[in-house]
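A.B. asks: Quick one: the structure is below, and I'll ask about it shortly.
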Amino acid sequence: MHDFRGGTNLRMAELLLGPVLRHVGERDATIWVETTASCEVEVRAGSVVAAAQTFGVAGHHYAIVVLTGLEPASSTPYEVRIDGAIAWPLLGSEFPPSRIRTIDTTRRIRLIFGSCREAPRRSTAGDTGDRVDVLVAFATRMLGQPHAEWPELLLFVGDQVYADDTTPAMRKFIRSRRDIRRPPKAEVADFEEYTRLYLETWGAPKIRWLLSTLPSSMIFDDHDVHDDWNTSHAWRLDMQKTDWWEERIIGALMSYWIYQHLGNLSPAGLESNETYRAVREMPDAEGILRAFAQAADREADGAKGTMWSFRRDFGQVRLLVIDSRCGRILGDRRRSMLSDKEFEWVERQTEDGSFEHLVVATSMPWLLPRALHDIESWNEALCAGSRGRIMGRMAEWVRRAVDLEHWAAFRESFDRLTALFERVGSGVAGGPAPATICVLSGDVHHTYVAEADYPRPLQARVYQITCSPIENTIPFVMRLVFRAGWSRRVERVIRLLDRLTRVPPLPIRWHHPSGPHFGNMLSQLTFDGRSARVRMERSTTPESGREGAQDATLEVADELLLTDVAVSP
């Protein structure tokens, strides 16, 4: 990985990070890049040529190139030029050409997803770091596959970067800028450090190639900003008392908007985005994005903010990606995973019924192990004062200590989402019922499939599919906790205690046909007509001494048919 930053007398711009292939439709695509200086970025894909001028933010330079007029169901190699000179593929690259594969709505749709990917831990480790990165293993397999077998989307459902758990290389950079004995110590402090964090996390050669050729969509979770981000109003008040938090949240949301959110938008979404338009009109848009980030952060306190949630359609598969972090409402004695306005937006996206499968991505699992779900709901009630102020303060400490902040800890929101799935799955939300409703999540560092059991059987099968981490670890004690959380015996004991905390009965029950699985994991969903299948794969350490042992491999942890109609793997 090359780092061109720091020079003020560069004679010409160069490609610093990317290209990252983001939105791909039937006839269009967007490609994101970061460059070392202001320049024109041109992308050539066959006969289609498009260009964009970079925009500047705090001395950094970015562009999103929008390509239109691509052939549907086509696969086209592309190249990137900076001020007319070829910048991608890199000279002497060992990887095959990056491609744009437009959506074919007549064929099956394959989507892979996961969450929680830390940057490589060793500066000399190339792609893998100290652990076996499942993205590296997946990229290795793609290199040996026909590109027609590649999935249509890579969906990241949280913790794409770790601002609060930095690598030795990142800490060295931070020490070169400031005294790490002062808060936030060796954690990321501002926009400049975030730009270095993304460079480190996305810059390894094999990861860079993967992101250049596999379309991606993203939504953040807490570690993209800070552990326990927006877990409660009390947490927000405590953070606002510090002298470092404001720069941290401003830098986090500025960088998220640039590196992650812009690529989630379609060409039409980019064209209509007022902030994007304003940023492109300024020589340096730092002031605009700082104000934007401050406004977005204030939404949790009840102010009007922005909406990070978005929708994608892949033929008969509808993907709704829900922001379950920044859009929380926590002030004015309210506690909701989303604002009413954003919840209404989510509900409207399901009303036309023009899809066979509804996929809802939210970084926080909707369905947890049942025993843990009840504990989180208890905790919310105790924090609200159901057993007095002293117990409430103790419950708030527990909430932060063990991350009791999922949909179960936002009981009103949980019930509302559950009711939405019931309407959609019954075919009464404005159209015929889909075959499946799949909720995709990460965060909890283990992988499982849970199926919802509604009191009245639905026409659709409703699943929670959780896949985490991509590249991280989980302590042995937490493995025991999650295994116990799925135990029927523990569940029965916990349910006996429900009445003590005055938590209303749950509207549904659920069982888990697969899991818990541990290790670095990716899950692939395959949709074909009204059939659906999920395959969960973990990365493994290659056998020592065999040919190619430096490459990570994949093994199937489990594979499930999600519908009564079979689909080929």
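Letters for chains follow the order of the structure tokens (A, B, ...), residue numbers begin at 1 for each chain, and ligand numbers begin at 1 in the order shown.
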So that I can check the surroundings of stretch 322-338 of chain A, please list as an MDAnalysis selection string every protein, DNA and RNA residue that reaches within 9 Å of it, counting only C-alpha atoms and ignoring chain neighbours fewer than 4 positions away.

C.D. replies: chainID A and resid 219:222 229:234 236 296:297 299:302 305:311 342:343 346 360:364 384 406:407 410:414

A.B. asks: From a DSSP calculation on the backbone, collect every residue of stretch 296-337 of chain A in strand (DSSP E or B) and output the set as a list in words.

C.D. replies: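 Residues meeting the strand (DSSP E or B) criterion: Phe310, Arg311, Arg312, Asp313, Phe314, Val317, Arg318, Leu319, Leu320, Val321, Ile322, Ile329 and Ser336 of chain A.
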
A.B. asks: Within 6 Å of A:Leu16, counting only C-alpha atoms, which residues show up once you throw out same-chain ones fewer than 2 positions away? Write them as a ChimeraX atom specification, please.

C.D. replies: /A:34-36

A.B. asks: Near A:Ala450, within 8 Å and counting only C-alpha atoms, which residues show up once chain neighbours fewer than 5 positions away are dropped, as a ChimeraX atom specification?

C.D. replies: /A:367,463-465,510-514

A.B. asks: Give me, as a list in words, all polymer residues having an atom no more than 9 Å from A:Gly25, counting only C-alpha atoms and skipping those fewer than 3 positions away in the same chain.

C.D. replies: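 That gives Asp28, Ala29, Pro72, Arg101, Thr102, Ile103, Asp104, Ser266, Asp313 and Phe314 of chain A.
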
A.B. asks: Let's have the selection written as a PDB file, in the first residue's frame, with C-alpha atoms.

C.D. replies:
```
ATOM      1  CA  ASP A  28     -25.594   2.312 -14.645  1.00  0.00           C
ATOM      2  CA  ALA A  29     -22.804   2.216 -12.094  1.00  0.00           C
ATOM      3  CA  PRO A  72     -27.964  -4.820 -19.131  1.00  0.00           C
ATOM      4  CA  ARG A 101     -21.273  -6.490 -14.085  1.00  0.00           C
ATOM      5  CA  THR A 102     -24.701  -4.945 -14.595  1.00  0.00           C
ATOM      6  CA  ILE A 103     -27.750  -6.542 -13.014  1.00  0.00           C
ATOM      7  CA  ASP A 104     -29.552  -9.296 -14.907  1.00  0.00           C
ATOM      8  CA  SER A 266     -28.021   5.701  -7.124  1.00  0.00           C
ATOM      9  CA  ASP A 313     -34.000  -3.181  -5.928  1.00  0.00           C
ATOM     10  CA  PHE A 314     -32.442  -6.196  -7.634  1.00  0.00           C
TER      11      PHE A 314
END
```

A.B. asks: Within 12 Å of stretch 147-156 of chain A, which residues of stretch 250-304 of chain A come that close, and what is the closest atom pair and distance in Å for each? Count only C-alpha atoms and give it as JSON lines.

C.D. replies:
```
{"residue": "A:Gln260", "atom": "CA", "partner": "A:Phe156", "partner_atom": "CA", "distance": 9.9}
{"residue": "A:His261", "atom": "CA", "partner": "A:Phe156", "partner_atom": "CA", "distance": 11.7}
{"residue": "A:Gly263", "atom": "CA", "partner": "A:Leu155", "partner_atom": "CA", "distance": 12.0}
{"residue": "A:Asn264", "atom": "CA", "partner": "A:Leu155", "partner_atom": "CA", "distance": 10.3}
```

A.B. asks: Include all heavy atoms and write out the residues we just selected as a CSV table (one decimal), in the first residue's frame.

C.D. replies:
```csv
chain,number,residue,atom,x,y,z
A,260,GLN,N,-18.4,6.1,2.7
A,260,GLN,CA,-19.4,5.1,2.7
A,260,GLN,C,-20.8,5.5,2.1
A,260,GLN,O,-21.3,4.8,1.2
A,260,GLN,CB,-19.6,4.5,4.1
A,260,GLN,CG,-18.4,3.9,4.7
A,260,GLN,CD,-18.7,3.1,6.0
A,260,GLN,OE1,-19.6,2.2,6.0
A,260,GLN,NE2,-17.9,3.3,7.1
A,261,HIS,N,-21.3,6.6,2.6
A,261,HIS,CA,-22.7,6.9,2.3
A,261,HIS,C,-22.9,7.3,0.8
A,261,HIS,O,-23.9,6.8,0.2
A,261,HIS,CB,-23.3,8.0,3.2
A,261,HIS,CG,-24.7,8.4,2.9
A,261,HIS,ND1,-25.7,7.5,3.1
A,261,HIS,CD2,-25.2,9.5,2.3
A,261,HIS,CE1,-26.8,8.1,2.7
A,261,HIS,NE2,-26.6,9.3,2.3
A,263,GLY,N,-21.6,6.3,-1.9
A,263,GLY,CA,-21.7,5.2,-2.8
A,263,GLY,C,-22.9,4.4,-2.6
A,263,GLY,O,-23.2,3.5,-3.5
A,264,ASN,N,-23.7,4.6,-1.6
A,264,ASN,CA,-25.0,3.9,-1.4
A,264,ASN,C,-26.0,4.5,-2.3
A,264,ASN,O,-27.1,3.8,-2.6
A,264,ASN,CB,-25.5,4.0,0.0
A,264,ASN,CG,-24.6,3.2,1.0
A,264,ASN,OD1,-24.0,2.2,0.6
A,264,ASN,ND2,-24.5,3.7,2.2
```

A.B. asks: Find the residues around stretch 52-68 of chain A up to 7 Å (only C-alpha atoms counted), leave out those fewer than 2 positions away in its own chain, and share them as JSON, numbers by chain.

C.D. replies: {"A": [27, 28, 29, 30, 31, 32, 33, 34, 35, 36, 37, 38, 39, 40, 41, 42, 50, 70, 267, 279, 280, 283, 284, 285, 286]}

A.B. asks: Could you write out, as an NGL selection string, all the residues of stretch 105-270 of chain A that DSSP marks as helix (DSSP H, G or I)?

C.D. replies: :A and (134-143 or 147-149 or 168-175 or 191-202 or 205-213 or 222-224 or 233-240 or 245-264 or 267-270)

A.B. asks: I need the residue nearest A:Gly485 from this list: A:Pro369, A:Gly427, A:Pro504, A:Gly392. Use only C-alpha atoms for the distance.

C.D. replies: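 Using only C-alpha atoms, the shortest distance to A:Gly485 belongs to A:Pro369.
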
A.B. asks: Provide the atom CA of A:Ile258 to atom CA of A:Tyr194 distance in Å, to one decimal place.

C.D. replies: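 So the two atoms, atom CA of A:Ile258 and atom CA of A:Tyr194, lie 10.9 Å apart.
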
A.B. asks: One decimal, in Å: what's the spacing between atom CA of A:Pro215 and atom CA of A:Val188?

C.D. replies: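 Atom CA of A:Pro215 sits 27.6 Å away from atom CA of A:Val188.
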